[in-house]
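*Asks:* Would you mind keeping the following structure in view while I ask a few things?
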Amino acid sequence: MSQKELLKVENLKQYFPIKGGVFGRTINNVKAVDNISFTVYEGETVSIVGESGCGKSTTGRSILRLDEPTEGNVQFDGVDLLSLNKRKLRQKRKDLQIIFQDPYASLNPRQTVSQMLNEAMEIQNVVPKNERRKRIAELMELVGLQPYQADRFPHEFSGGQRQRIGIARALSVDPKLIIADEAVSALDVSIQAQILNLMKRFQRELNLTYLFISHDLGVVRHISDRIIVMYLGKIVEIGDKKSIFENVQHPYTKALLSAIPVPDPEKKKERIILKGDVPSPINPPTGCRFHTRCPFATDKCRKEEPVLRNLDYMEENHQVACHYVKQIHDGEHKQVY
Amino acid sequence: MTTYIIRRLLQLIPVLIGVSILVFSLMHLTPGNPALILAGEHAPPETIRAIEKRLGLDQPLHIQYFDFLKNAVQLEFGTSMRDRLPVIDHIKPRIGTTIALAIYSTIFSIFFGLIIGIISAVRKYSFSDISLMIIALFGLSMPNFWLGIILIQFFSLKLGWFPPSGWGELSQIVMPVITLGTAGAAIIARMTRSSMLEVISQDYIRTARAKGVSERIVIYRHALKNALIPVVTIVGLQFGGLLAGTVLTESVFAINGMGKLVVDSITARDFPIVQACVLIIAVIFVFVNLIVDITYRVLNKRIELD
Amino acid sequence: MQSESILKVKDLKTSFFDEGNEIKAVDGVTFDVPQGKTLGIVGESGSGKSISALSILQLIDEPGKIIGGEVIFKGKNLLENSDKEMRKIRGNQISMIFQEPMTSLNPTQTVGQQIREAYKTHQGIGKKEGNKKAIEMLKTVGIPSPERRIDQYPFELSGGMRQRVMIAMALACKPELLIADEPTTALDVTIQAQIIELIKELQKDLGMSVIMITHDLGVIAETCDYVAVMYGGKVVEYRDVITLFKDPKHPYTVGLLNSLPRHDIEQEELIPIKGTVPSPDEMPAGCRFASRCPFATEHCFVNLPELIDIEENGQIRCWIYTDEWDGDQEVKVYEPERTS
C-alpha cells in the first residue's frame with residue numbers, strides 16, 4: 001500500500017446550534033463531532049464505526065461540506081477543502097463522491113439512470129460528449145446491470161440494484177475517494193454481500209480509497225484496512241483492522257464487539273452488557289465521555305479527558321483514548337460494576 | 001409551554017402593527033379627501049379645513065397613525081358618516097350576533113365534519129363512505145349565499161318550517177348556521193377522513209389491536225386524538241373564513257350583524273365603520289389563530305421538545 | 001415433530017389482493033413452537049416472516065386476507081375463533097412486540113395509560129391498581145425510576161427504553177406465547193444486547209414460549225432453540241438451532257450463511273446468492289428459490305418440493321434430498337458446503 005496521504009482531517013468540530021427561549025437565541029449546541037483528527041492514505045479503506053449519535057455520519061458530511069464544519073482543517077490531496085469557494089468546491093467534488101444508505105432517496109425519481117449519469121459526467125466534464133453513451137453502458141456493466149436498463153427510472157429497480165446505480169453514479173466521474181455512509185445497511189444479507197464484493201473489486205481495479213461509515217462490525221471487518229471507533233463525537237480507538245479485532249483495548253470497543261450476536265450457537269462468549277443509554281451530545285459527560293457507562297470508570301475519568309495514545313505493547317498504528325488502558329490490559333485495574 | 005405562549009404573544013405585536021397600518025392606509029388609499037366626502041361636494045373650503053382639523057387630517061401621516069392607534073386601543077373609532085353616532089355604538093349591538101353566528105357555525109362544522117369523517121374512514125370504500133364524500137364535495141363546491149337562497153326557497157317559502165330572516169329564535173338560527181357551516185363541515189369531514197385513514201395504518205394502532213382492545217376503543221381512544229391534530233389547524237383557518245362568510249350570510253338572511261353592517265357601510269361609503277369592522281375582525285382572527293396553535297401543541301406534545 | 005407444542009401452524013396462507021392481483025405473501029407455511037422454547041423465523045425482506053406472525057394473531061389489515069390453513073394454539077384452531085374470542089387471546093395469552101419502538105407506541109398517550117390498558121382490557125383492573133401494576137412491570141423490564149416514567153410520553157424516552165415499555169405492555173398479562181417481530185433491528189448493538197438478555201430472562205421467569213422473527217442470523221443463534229428459514233412465503237428449512245448452523249442443508253440457508261460478513265472470524269471472501277428475490281409474477285411455479293439456486297434443474301423450476309422430515313425435529317423443502325433429484329448427484333453426496 002502506498003503511504004500517500006489522501007485525506008487529512010484535523011481538529012474537526014461540528015456543532016449544531018439549538019434555538020430556544022422567548023427570543024429564539026442559540027441556547028446550546030449539539031456537539032455532533034468534537035475535535036477529531038485522522039488521516040486516510042491512498043488506496044486503503046478506513047471505516048468509522050459507532051452507535052447512533054456518535055458522529056460518524058456527521059464526520060462524512062462535514063468532510064464534503066454538506067454541513068459546514070464549525071472548526072477544523074480538512075486537507076484532500078493537498079488542497080484545503082474548507083477554504084475553497086462554492087465553484088472550486090464543486091469541481092473538487094469530482095474527486096470525492098458519497099454513497100448514501102437509502103439509494104432511493106438520493107436518486108432523482110424523474111431522471112432515467114442514463115440521464116443521471118450523463119448529467120454527472122457533464123457537470124464534472126470528465127468524458128467527451130460523444131463518448132458518454134459508451135461510458136454509460138460500460139458503467140452499467142461494471143456494476144452488474146444490463147446497459148439497456150440505463151433507460152429506466154429508479155423506481156423500476158430493486159433496493160440492491162439502486163445501490164448499484166448509486167455506485168455507478170459515484171464512479172462515473174472517476175473519483176479518488178468514495179465516502180460510503182451506511183451504504184449497505186438497508187440491504188438484505190445476500191444482496192449486501194454482492195455490493196460489498198463489487199466495492200472490493202473496484203478498489204483493486206481502480207485504486208479507489210474508501211471512507212466507510214457503518215454501524216455493522218461484521219461488514220467493517222470484511223472491508224476495512226483500518227478502523228476508527230467513535231463514541232459521542234470523539235474518537236476512542238483507532239487502529240489496523242487486525243489490532244482492533246484481535247487486540248481490542250478500549251472498554252467501549254470491547255463492549256461493542258461483545259454485544260454483537262455471533263451467528264454460531266455453539267460459540268459461548270463473555271458478554272459485557274453496558275448499563276444505560278448513550279448520553280445526549282448536547283451536554284456530553286465531562287472527562288471521558290464514556291465514563292457514565294464504563295465498567296472501569298473512576299473519579300479521574302469523570303474529570304480528565306483522555307487523549308489518544310499508543311502504548312509500547314500495542315501495534316504501531318493502534319491508539320486508544322483511555323486513562324487505564326494499560327492497567328486494564330495488565331489486569332491491575334478491576335471493573336467497578 | 002409558558003415560554004411558548006409568551007413567545008407567541010410577542011410575535012403578535014408585529015402582526016397587529018401590520019394589520020393596523022393596512023387598515024389605516026385603507027382610509028388614505030381610497031380616492032378622494034375624507035373631509036370632502038364628509039362635508040359634501042359643495043361645502044366651502046373653510047368647512048373642509050375645519051373638518052380636516054377636527055379629524056387631524058392636517059397633521060403629518062405618522063402623527064395621524066399614532067392617533068389612530070391610540071384611539072383604536074380605546075375602542076374609539078370616530079363617528080359614522082351617516083348618522084354622526086360613535087362608530088362603536090354601531091358595532092356593539094351587532095358584534096355579539098356575528099360572533100354567535102360564527103361560533104355556532106363552527107360548532108356545526110366540527111360536529112358534522114368529525115362524525116362524517118370518522119364514519120367514512122371506518123367504513124372506507126363502502127357505499128356510505130362514497131355517498132358521504134360525494135355529499136361533502138357538493139357542500140364544498142356550493143357558494144354559501146346560493147345555499148342560503150336554496151334553503152330559504154325550500155324550508156321557508158315552500159315548507160314554511162323556518163322564518164326566512166332575522167336572528168334570535170332557535171328557528172331563525174338553523175338556516176344561517178347551516179349556510180355558513182356547510183363548507184367548513186365538508187372540509188373537516190374530508191380532512192378527518194384522510195387523517196384517520198393515515199392514523200389507522202400506523203404501527204401504534206396495530207399495537208393497540210395486538211393488546212386485544214376492542215375496535216371501538218382503537219378508533220376513539222387511540223386513533224381519533226392523533227387524527228385530530230391536523231384537523232385543528234383546518235378548524236382555525238376555517239374560523240377566519242367564517243368571519244368573512246358572515247358578510248354574505250347576514251345579507252341573505254337579513255341578520256343585523258357586523259357582516260351586514262360592513263356591506264351597508266361600504267355601499268354608503270361610511271369609511272370609519274368599515275375601518276373599525278375590518279380591524280376588529282382581523283384582531284379576532286389573529287387571536288383565534290393563537291388559540292388554535294396552542295391547542296395544537298397541547299394535543300401534540302412532541303412539538304414541545306423541539 | 002415435538003409432542004408438546006404450544007402452537008402448531010399448518011399450511012397457513014395469507015394473500016394481499018390488489019386490483020384483482022393476488023400476492024401470496026404467506027404461501028403454505030407450517031411450523032411448530034415447542035412449549036417453553038424459542039422458535040426463530042429467519043428470512044430476508046419479502047419472505048413472509050412478519051406476515052406469518054401477524055396472521056397468527058389475525059392482525060392482517062385490508063387488502064390482506066388469511067385464506068387458508070390452521071393456527072392451533074393449545075389444541076384449538078384460532079382461525080375458527082370469533083373476533084371477540086380473538087380479542088381475549090391477544091395481549092393476554094399471546095402477545096406481540098414490534099420492530100419500531102419509535103412508532104409502535106401511541107404518541108399521545110402516556111406510558112402508564114398504555115400499560116394500564118392491557119390490565120383494564122383483560123382483567124378489568126382500574127386506574128389506581130393498574131398504575132401500581134404498571135410500575136411493577138416497568139421495574140421488571142429494568143426501567144429506572146418507573147414512578148416517574150409512567151407519566152411520560154413515548155417521545156421522552158430513548159429507543160431502548162421504548163422497546164422496554166413495549167415489552168412491559170406485552171407481558172403485562174403474563175402471556176404463554178410472545179411473538180417478537182424484529183424487536184432489536186432498530187436498536188444499537190449495545191442496546192440490542194440489553195433487550196435480548198431481558199427477553200431471555202423474562203422467558204425463563206415466566207416460562208413462556210417465544211417466536212423470534214429476525215433477519216439477523218446472529219440473533220437467531222443467540223436466542224433460539226429451533227429455527228424456521230423462510231423464502232418466498234414458504235418455510236424451506238426447519239431445524240434445531242445447533243444443527244442448522246453446523247449442518248445447513250437447504251441451498252438458500254447455505255447461501256445466507258456464506259453471504260454473512262462476520263465480526264468474530266476473518267473471512268477471505270463472501271459468497272453472495274446470485275440475483276434478487278423475483279417479483280410475485282416472476283416467481284417460479286416450482287421451488288421458489290430455483291431462480292437463484294446454484295444447483296437448480298429444470299425439474300426444480302416446474303415442481304414444488306414438499307417439506308419433508310429428514311431427522312427428528314428437522315424438515316427441509318428441497319429436491320436435492322429426495323429420490324427424484326435429477327441434478328448433479330455429487331451435490332447430494334457432499335451437500336452444499338459452508339465456506340465460513
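Labeling convention for the C-alpha cells: chains A, B, ... as they appear, residues from 1 per chain, ligands from 1 in order of appearance.
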So which residues touch Ser258 in chain A within 9 Å, counting only C-alpha atoms, skipping near sequence neighbours fewer than 3 positions away, as an NGL selection string?

*Replies:* (:A and (253-255 or 261-262 or 269-273)) or (:C and (190 or 193))

*Asks:* Would you list which chain C residues are within 6 Å of chain A using only C-alpha atoms, as a ChimeraX atom specification?

*Replies:* /C:44,188-190,193,217-219,221-222,242,259,261-263,272-273

*Asks:* For chain C, work out the contacting residues on chain B at 10 Å, counting only C-alpha atoms, and write them as a ChimeraX atom specification.

*Replies:* /B:200-215,221-223,225-226,298-303,305

*Asks:* For each of B:Leu237, B:Met1, B:Leu85, B:Ile116, take the minimum atom-to-atom distance to chain A, counting only C-alpha atoms, then give the residue where this is smallest.

*Replies:*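 Under the stated criterion, the closest residue is B:Met1.
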
*Asks:* Need the shell around Ile238 in chain A: protein/DNA/RNA residues with any atom at most 9 Å away, counting only C-alpha atoms. Skip same-chain ones fewer than 5 positions apart. Format as a list in words?

*Replies:* Phe38, Arg226, Ile227, Ile228, Val229, Met230, Ile244, Leu308, Asn317, His318, Gln319 and Val320 of chain A

*Asks:* Can you check which residues of chain B have any atom within 8 Å of chain A? Use only C-alpha atoms and format it as a list in words.

*Replies:*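 My answer is Thr3, Tyr4, Ile6 and Arg7 of chain B.
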
*Asks:* Range 9-14 of chain C: which residues within 6 Å, counting only C-alpha atoms, same-chain residues fewer than 5 positions away excluded, as a PyMOL selection string?

*Replies:* chain C and resi 25-31+65-71

*Asks:* Considering only C-alpha atoms, can you say which of B:Ser128, B:Thr192, B:Asn144, B:Ser171 comes closest to Ser156 in chain B?

*Replies:*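 Using only C-alpha atoms, Ser156 in chain B sits closest to B:Ser171.
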
*Asks:* Taking into account only C-alpha atoms, which residue in the set B:Ile266, B:Ile17, B:Val199, B:Ala276 is nearest to Val218 in chain B?

*Replies:*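 Under the stated criterion, the closest residue is B:Val199.
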
*Asks:* Identify all residues of range 182-315 of chain A in strand (DSSP E) (DSSP on the backbone) and supply them as a PyMOL selection string.

*Replies:* chain A and resi 209-214+226-231+234-240

*Asks:* By how many Å are CA of Gly257 in chain B and CA of Pro163 in chain B apart?

*Replies:*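 Computed distance, CA of Gly257 in chain B to CA of Pro163 in chain B, equals 17.1 Å.
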
*Asks:* I want to know what sits within 12 Å of range 57-63 of chain B, based on only C-alpha atoms, with residues of the same chain fewer than 3 positions away left out; could you give that as a PyMOL selection string?

*Replies:* chain B and resi 21+24-25+27-28+33-36+48-54+66-70

*Asks:* Could you turn the residues from that selection into a file that holds N, CA, C and O atoms, as a compact mmCIF listing (two decimals), in the first residue's frame?

*Replies:*
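Writing the result to selection_32.txt gives the following:
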```txt
# COMPACT_ATOMS: atom_id res chain seq x y z
N ILE B 21 -51.59 49.15 10.31
CA ILE B 21 -51.09 50.01 9.23
C ILE B 21 -51.95 49.82 7.97
O ILE B 21 -52.34 50.77 7.32
N PHE B 24 -55.25 51.45 8.48
CA PHE B 24 -55.05 52.90 8.47
C PHE B 24 -54.90 53.41 7.03
O PHE B 24 -55.49 54.41 6.65
N SER B 25 -54.12 52.68 6.24
CA SER B 25 -53.91 53.14 4.87
C SER B 25 -55.18 53.02 4.05
O SER B 25 -55.34 53.73 3.05
N MET B 27 -57.97 54.11 4.59
CA MET B 27 -58.60 55.42 4.53
C MET B 27 -57.88 56.32 3.53
O MET B 27 -58.49 57.06 2.78
N HIS B 28 -56.53 56.20 3.53
CA HIS B 28 -55.76 57.11 2.70
C HIS B 28 -55.61 56.64 1.27
O HIS B 28 -55.25 57.41 0.39
N ASN B 33 -60.74 63.03 -0.73
CA ASN B 33 -60.44 63.53 0.58
C ASN B 33 -61.59 63.21 1.53
O ASN B 33 -62.73 63.56 1.26
N PRO B 34 -61.33 62.47 2.61
CA PRO B 34 -62.41 62.10 3.52
C PRO B 34 -63.19 63.32 4.01
O PRO B 34 -64.41 63.25 4.17
N ALA B 35 -62.46 64.38 4.23
CA ALA B 35 -63.12 65.60 4.73
C ALA B 35 -64.13 66.10 3.68
O ALA B 35 -65.24 66.53 4.01
N LEU B 36 -63.72 65.99 2.43
CA LEU B 36 -64.59 66.42 1.34
C LEU B 36 -65.85 65.55 1.29
O LEU B 36 -66.97 66.02 1.14
N ILE B 48 -64.32 72.55 5.01
CA ILE B 48 -63.47 71.36 4.79
C ILE B 48 -62.23 71.43 5.67
O ILE B 48 -61.86 70.45 6.32
N ARG B 49 -61.61 72.59 5.73
CA ARG B 49 -60.42 72.74 6.57
C ARG B 49 -60.76 72.48 8.03
O ARG B 49 -60.00 71.85 8.76
N ALA B 50 -61.93 72.98 8.45
CA ALA B 50 -62.36 72.75 9.84
C ALA B 50 -62.50 71.26 10.12
O ALA B 50 -62.04 70.76 11.15
N ILE B 51 -63.11 70.59 9.15
CA ILE B 51 -63.28 69.12 9.34
C ILE B 51 -61.92 68.45 9.38
O ILE B 51 -61.64 67.60 10.24
N GLU B 52 -61.04 68.88 8.44
CA GLU B 52 -59.69 68.30 8.42
C GLU B 52 -59.01 68.48 9.76
O GLU B 52 -58.36 67.56 10.26
N LYS B 53 -59.17 69.66 10.32
CA LYS B 53 -58.53 69.95 11.60
C LYS B 53 -59.13 69.06 12.70
O LYS B 53 -58.42 68.46 13.51
N ARG B 54 -60.49 68.96 12.66
CA ARG B 54 -61.16 68.15 13.68
C ARG B 54 -60.70 66.68 13.58
O ARG B 54 -60.47 66.02 14.58
N PHE B 66 -50.39 57.39 14.73
CA PHE B 66 -50.32 57.13 16.18
C PHE B 66 -51.62 57.54 16.88
O PHE B 66 -52.08 56.86 17.79
N ASP B 67 -52.22 58.61 16.41
CA ASP B 67 -53.52 59.00 16.97
C ASP B 67 -54.53 57.88 16.74
O ASP B 67 -55.28 57.49 17.63
N PHE B 68 -54.52 57.38 15.50
CA PHE B 68 -55.44 56.31 15.12
C PHE B 68 -55.25 55.10 16.03
O PHE B 68 -56.19 54.51 16.56
N LEU B 69 -53.95 54.77 16.24
CA LEU B 69 -53.63 53.61 17.07
C LEU B 69 -54.12 53.82 18.50
O LEU B 69 -54.73 52.93 19.10
N LYS B 70 -53.85 55.01 19.02
CA LYS B 70 -54.21 55.30 20.40
C LYS B 70 -55.74 55.20 20.57
O LYS B 70 -56.24 54.59 21.50
```

*Asks:* How many Å lie between CA of Arg302 in chain A and CA of Cys288 in chain A, rounded to one decimal?

*Replies:*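 Distance reported for this atom pair: 6.2 Å.
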